Every structure is written in C-alpha cells, then in structure tokens.
Amino acid sequence: MAKLYVMDVAPLMNGAWEALLPLLSPWRQQRVISCRHDADRARLTGAGWLLRHSLEEVGIPAARQQMTTGPYGKPCLASGAVEFSLSHSGSWAVCALDRAPVGVDVERPRCSMATARRFFAPAEVAALEALPEYARPDALLRLWTAKEAFSKAVGAGLTLGLHTFTVTLTAQGATLSQQESPLPFRLEEYTLPGHRICLCTTGERPILSYIAPPRR
C-alpha cells in the first residue's frame, strides 16, 4: 500500500535548512548548494530530509538508502526495496512510497491556458475552454499535478509527452486514460492551503501523514 508524507518547509527558510544539510546524501547536498535562492535550498533540503525520514518509517535506515538513477534519470533506491517520488512547491514538500511504481506532485497555481493549449491533450483543452473563467485556475492546477504525477510514476518525467494521455476531472476526482503503461494506475487528489497534491498509484488511497521538521 502506498504511503504519503507531507512536511511544511517554511520553518527551514532563512538559513535554518543548513542544520539538516549534513544529513543528506552528497548528491543532494550538491544540488542544494547549487541553488541560487535560499528558499529553493530550504525546499530541496526539506524534501531530502523528508525522503530520509519516510524511508526510515518503513524500516530502511539511512545506511541502506543508497541511490541510483533510472533510464530517464529518475532517482531510485539501489536496493529496489521500495519505489519513491518526491515533490516540493511553495512551503510544502511531499514524499510518496510504494512497493509498486508511484508518482506524486504538489503545486501552486501556475499553469496557464497558453501552456495547456500547447502541451495538453485536445480533450483536456476542450474541457478547460468549456469552463467559466473563474473555474479554470483550479482545473489547470488539477490537470498539471495529475500529469506530473503520472509522468513520474512511469519514470519518464516530462520526456513523456503530456498530450499522450488524458485526465478527466469531475467533482469526485480525476481519472486517467492512458496507453503508456500496462499498470492500472489511478489518481488520488489532496488539498493543502493554496496547493494541490496528486498521487498516481496502483494501490488504495493512502492517508496524508503530516511530518514536522526536526529541531536541530
């Protein structure tokens, strides 16, 4: 069964992330340091620590968390013990774990109709254009997070054309139509203040577990 963890990284802003940096892998430390803005460093550090904590929660200690990359550069555990997916946006970091392929995305509203017309499937664009203007920002956000989550689950990231599969939105949730993978992926949506999360999984809907940042 999938597990889904979320952490508010706001307490790590303004340099507080530095105390957690030594707990991360050398690869992630280098990514953090290469960021130009302190807020981005805090998000990356928070996401890295959340991954470490989440793996420890399912019985994988830090000493066994060696990483490698998949064919498209997606990070994964060298042991293959579990699959994971990370995302961060604004003041939130999210981590999903599962025995099967899994993908997660958290976002603030940022996708535009121009982006949708360029990259989304024709049926999705038509559904967006049929909505009243006030309803489009949230629909765009739901579509974007769903598309990112599925792309991560199949391990291809945005190299998978966003027009090659279709997400249908209803008041009850989001459904996926795709021929990119034989796995029976499904979409689960969650809300955070000013953000949305979409989880792409083959299992049941997990609860959203809130994790507090450590105090160092």
# chains A, B, ... in the order shown; residues from 1 in each chain; ligands from 1
>>> closest_atom_pairs(of="stretch 80-140 of chain A", to="stretch 186-205 of chain A", cutoff="8 Å", atoms="only C-alpha atoms", output="CSV")
residue,atom,partner,partner_atom,distance
A:Ala96,CA,A:Leu199,CA,7.8
A:Ala100,CA,A:Thr202,CA,7.2
A:Pro101,CA,A:Thr201,CA,7.0
A:Val102,CA,A:Thr201,CA,5.1
A:Gly103,CA,A:Cys200,CA,5.0
A:Val104,CA,A:Leu199,CA,4.5
A:Asp105,CA,A:Cys198,CA,5.5
A:Val106,CA,A:Ile197,CA,4.4
A:Glu107,CA,A:His195,CA,5.5
A:Arg108,CA,A:His195,CA,4.6
A:Pro109,CA,A:His195,CA,7.1
>>> select_by_dssp(residues="stretch 10-216 of chain A", states="helix (DSSP H, G or I)", output="PyMOL selection string")
chain A and resi 10-12+16-19+21-23+26-34+38-57+62-64+113-119+122-129+133-153+157-159+162-164
>>> residues_around(residues="stretch 60-65 of chain A", least_positions_apart="3", cutoff="12 Å", atoms="only C-alpha atoms", output="list of chain:residue names")
A:Leu23, A:Leu24, A:Ser25, A:Gly48, A:Trp49, A:Leu50, A:Leu51, A:Arg52, A:His53, A:Ser54, A:Leu55, A:Glu56, A:Glu57, A:Thr68, A:Pro75, A:Cys76, A:Leu77, A:Ala78, A:Ser79, A:Gly80, A:Ala81, A:Val82, A:Glu83, A:Phe84, A:Leu97
>>> write_last_selection(atoms="N, CA and C atoms", output="mmCIF file, in the first residue's frame")
data_model
loop_
_atom_site.group_PDB
_atom_site.id
_atom_site.type_symbol
_atom_site.label_atom_id
_atom_site.label_comp_id
_atom_site.auth_asym_id
_atom_site.auth_seq_id
_atom_site.Cartn_x
_atom_site.Cartn_y
_atom_site.Cartn_z
ATOM 1 N N LEU A 23 22.822 15.803 6.909
ATOM 2 C CA LEU A 23 22.092 14.541 6.976
ATOM 3 C C LEU A 23 21.750 13.997 5.600
ATOM 4 N N LEU A 24 21.968 14.806 4.560
ATOM 5 C CA LEU A 24 21.590 14.409 3.210
ATOM 6 C C LEU A 24 22.751 13.744 2.489
ATOM 7 N N SER A 25 22.431 13.054 1.415
ATOM 8 C CA SER A 25 23.470 12.404 0.603
ATOM 9 C C SER A 25 24.339 13.461 -0.069
ATOM 10 N N GLY A 48 14.638 16.379 0.811
ATOM 11 C CA GLY A 48 15.625 15.332 1.042
ATOM 12 C C GLY A 48 15.511 14.726 2.427
ATOM 13 N N TRP A 49 15.305 15.575 3.439
ATOM 14 C CA TRP A 49 15.151 15.054 4.792
ATOM 15 C C TRP A 49 13.857 14.261 4.917
ATOM 16 N N LEU A 50 12.772 14.736 4.270
ATOM 17 C CA LEU A 50 11.502 14.023 4.318
ATOM 18 C C LEU A 50 11.636 12.635 3.699
ATOM 19 N N LEU A 51 12.382 12.523 2.605
ATOM 20 C CA LEU A 51 12.611 11.208 1.999
ATOM 21 C C LEU A 51 13.350 10.299 2.973
ATOM 22 N N ARG A 52 14.400 10.822 3.576
ATOM 23 C CA ARG A 52 15.165 10.021 4.541
ATOM 24 C C ARG A 52 14.258 9.544 5.680
ATOM 25 N N HIS A 53 13.473 10.464 6.233
ATOM 26 C CA HIS A 53 12.576 10.127 7.330
ATOM 27 C C HIS A 53 11.531 9.109 6.894
ATOM 28 N N SER A 54 10.948 9.293 5.715
ATOM 29 C CA SER A 54 9.899 8.395 5.236
ATOM 30 C C SER A 54 10.441 6.977 5.045
ATOM 31 N N LEU A 55 11.633 6.871 4.483
ATOM 32 C CA LEU A 55 12.239 5.550 4.303
ATOM 33 C C LEU A 55 12.537 4.891 5.644
ATOM 34 N N GLU A 56 12.986 5.684 6.606
ATOM 35 C CA GLU A 56 13.212 5.136 7.940
ATOM 36 C C GLU A 56 11.903 4.653 8.558
ATOM 37 N N GLU A 57 10.801 5.352 8.279
ATOM 38 C CA GLU A 57 9.485 4.971 8.804
ATOM 39 C C GLU A 57 9.069 3.580 8.324
ATOM 40 N N THR A 68 20.469 5.328 -6.893
ATOM 41 C CA THR A 68 20.934 5.258 -8.266
ATOM 42 C C THR A 68 19.903 5.992 -9.114
ATOM 43 N N PRO A 75 15.716 9.400 -9.742
ATOM 44 C CA PRO A 75 16.398 8.765 -8.601
ATOM 45 C C PRO A 75 15.585 7.598 -8.067
ATOM 46 N N CYS A 76 16.278 6.553 -7.628
ATOM 47 C CA CYS A 76 15.617 5.403 -7.038
ATOM 48 C C CYS A 76 16.580 4.714 -6.083
ATOM 49 N N LEU A 77 16.056 3.921 -5.177
ATOM 50 C CA LEU A 77 16.881 3.171 -4.250
ATOM 51 C C LEU A 77 17.663 2.095 -4.996
ATOM 52 N N ALA A 78 18.968 2.013 -4.734
ATOM 53 C CA ALA A 78 19.781 0.993 -5.385
ATOM 54 C C ALA A 78 19.312 -0.406 -5.014
ATOM 55 N N SER A 79 18.792 -0.567 -3.807
ATOM 56 C CA SER A 79 18.316 -1.876 -3.353
ATOM 57 C C SER A 79 17.000 -2.277 -3.999
ATOM 58 N N GLY A 80 16.236 -1.313 -4.490
ATOM 59 C CA GLY A 80 14.924 -1.594 -5.050
ATOM 60 C C GLY A 80 13.894 -1.998 -4.015
ATOM 61 N N ALA A 81 14.175 -1.724 -2.739
ATOM 62 C CA ALA A 81 13.280 -2.157 -1.661
ATOM 63 C C ALA A 81 11.899 -1.526 -1.779
ATOM 64 N N VAL A 82 11.850 -0.256 -2.100
ATOM 65 C CA VAL A 82 10.581 0.430 -2.342
ATOM 66 C C VAL A 82 10.792 1.452 -3.453
ATOM 67 N N GLU A 83 9.698 1.875 -4.052
ATOM 68 C CA GLU A 83 9.713 2.976 -5.009
ATOM 69 C C GLU A 83 9.366 4.257 -4.251
ATOM 70 N N PHE A 84 9.879 5.387 -4.723
ATOM 71 C CA PHE A 84 9.516 6.652 -4.085
ATOM 72 C C PHE A 84 9.374 7.748 -5.127
ATOM 73 N N LEU A 97 5.709 6.737 -1.080
ATOM 74 C CA LEU A 97 6.415 5.455 -1.100
ATOM 75 C C LEU A 97 5.432 4.364 -1.485
#
>>> atom_distance(atom1="atom CA of A:Arg142", atom2="atom CA of A:Asp8")
20.5 Å
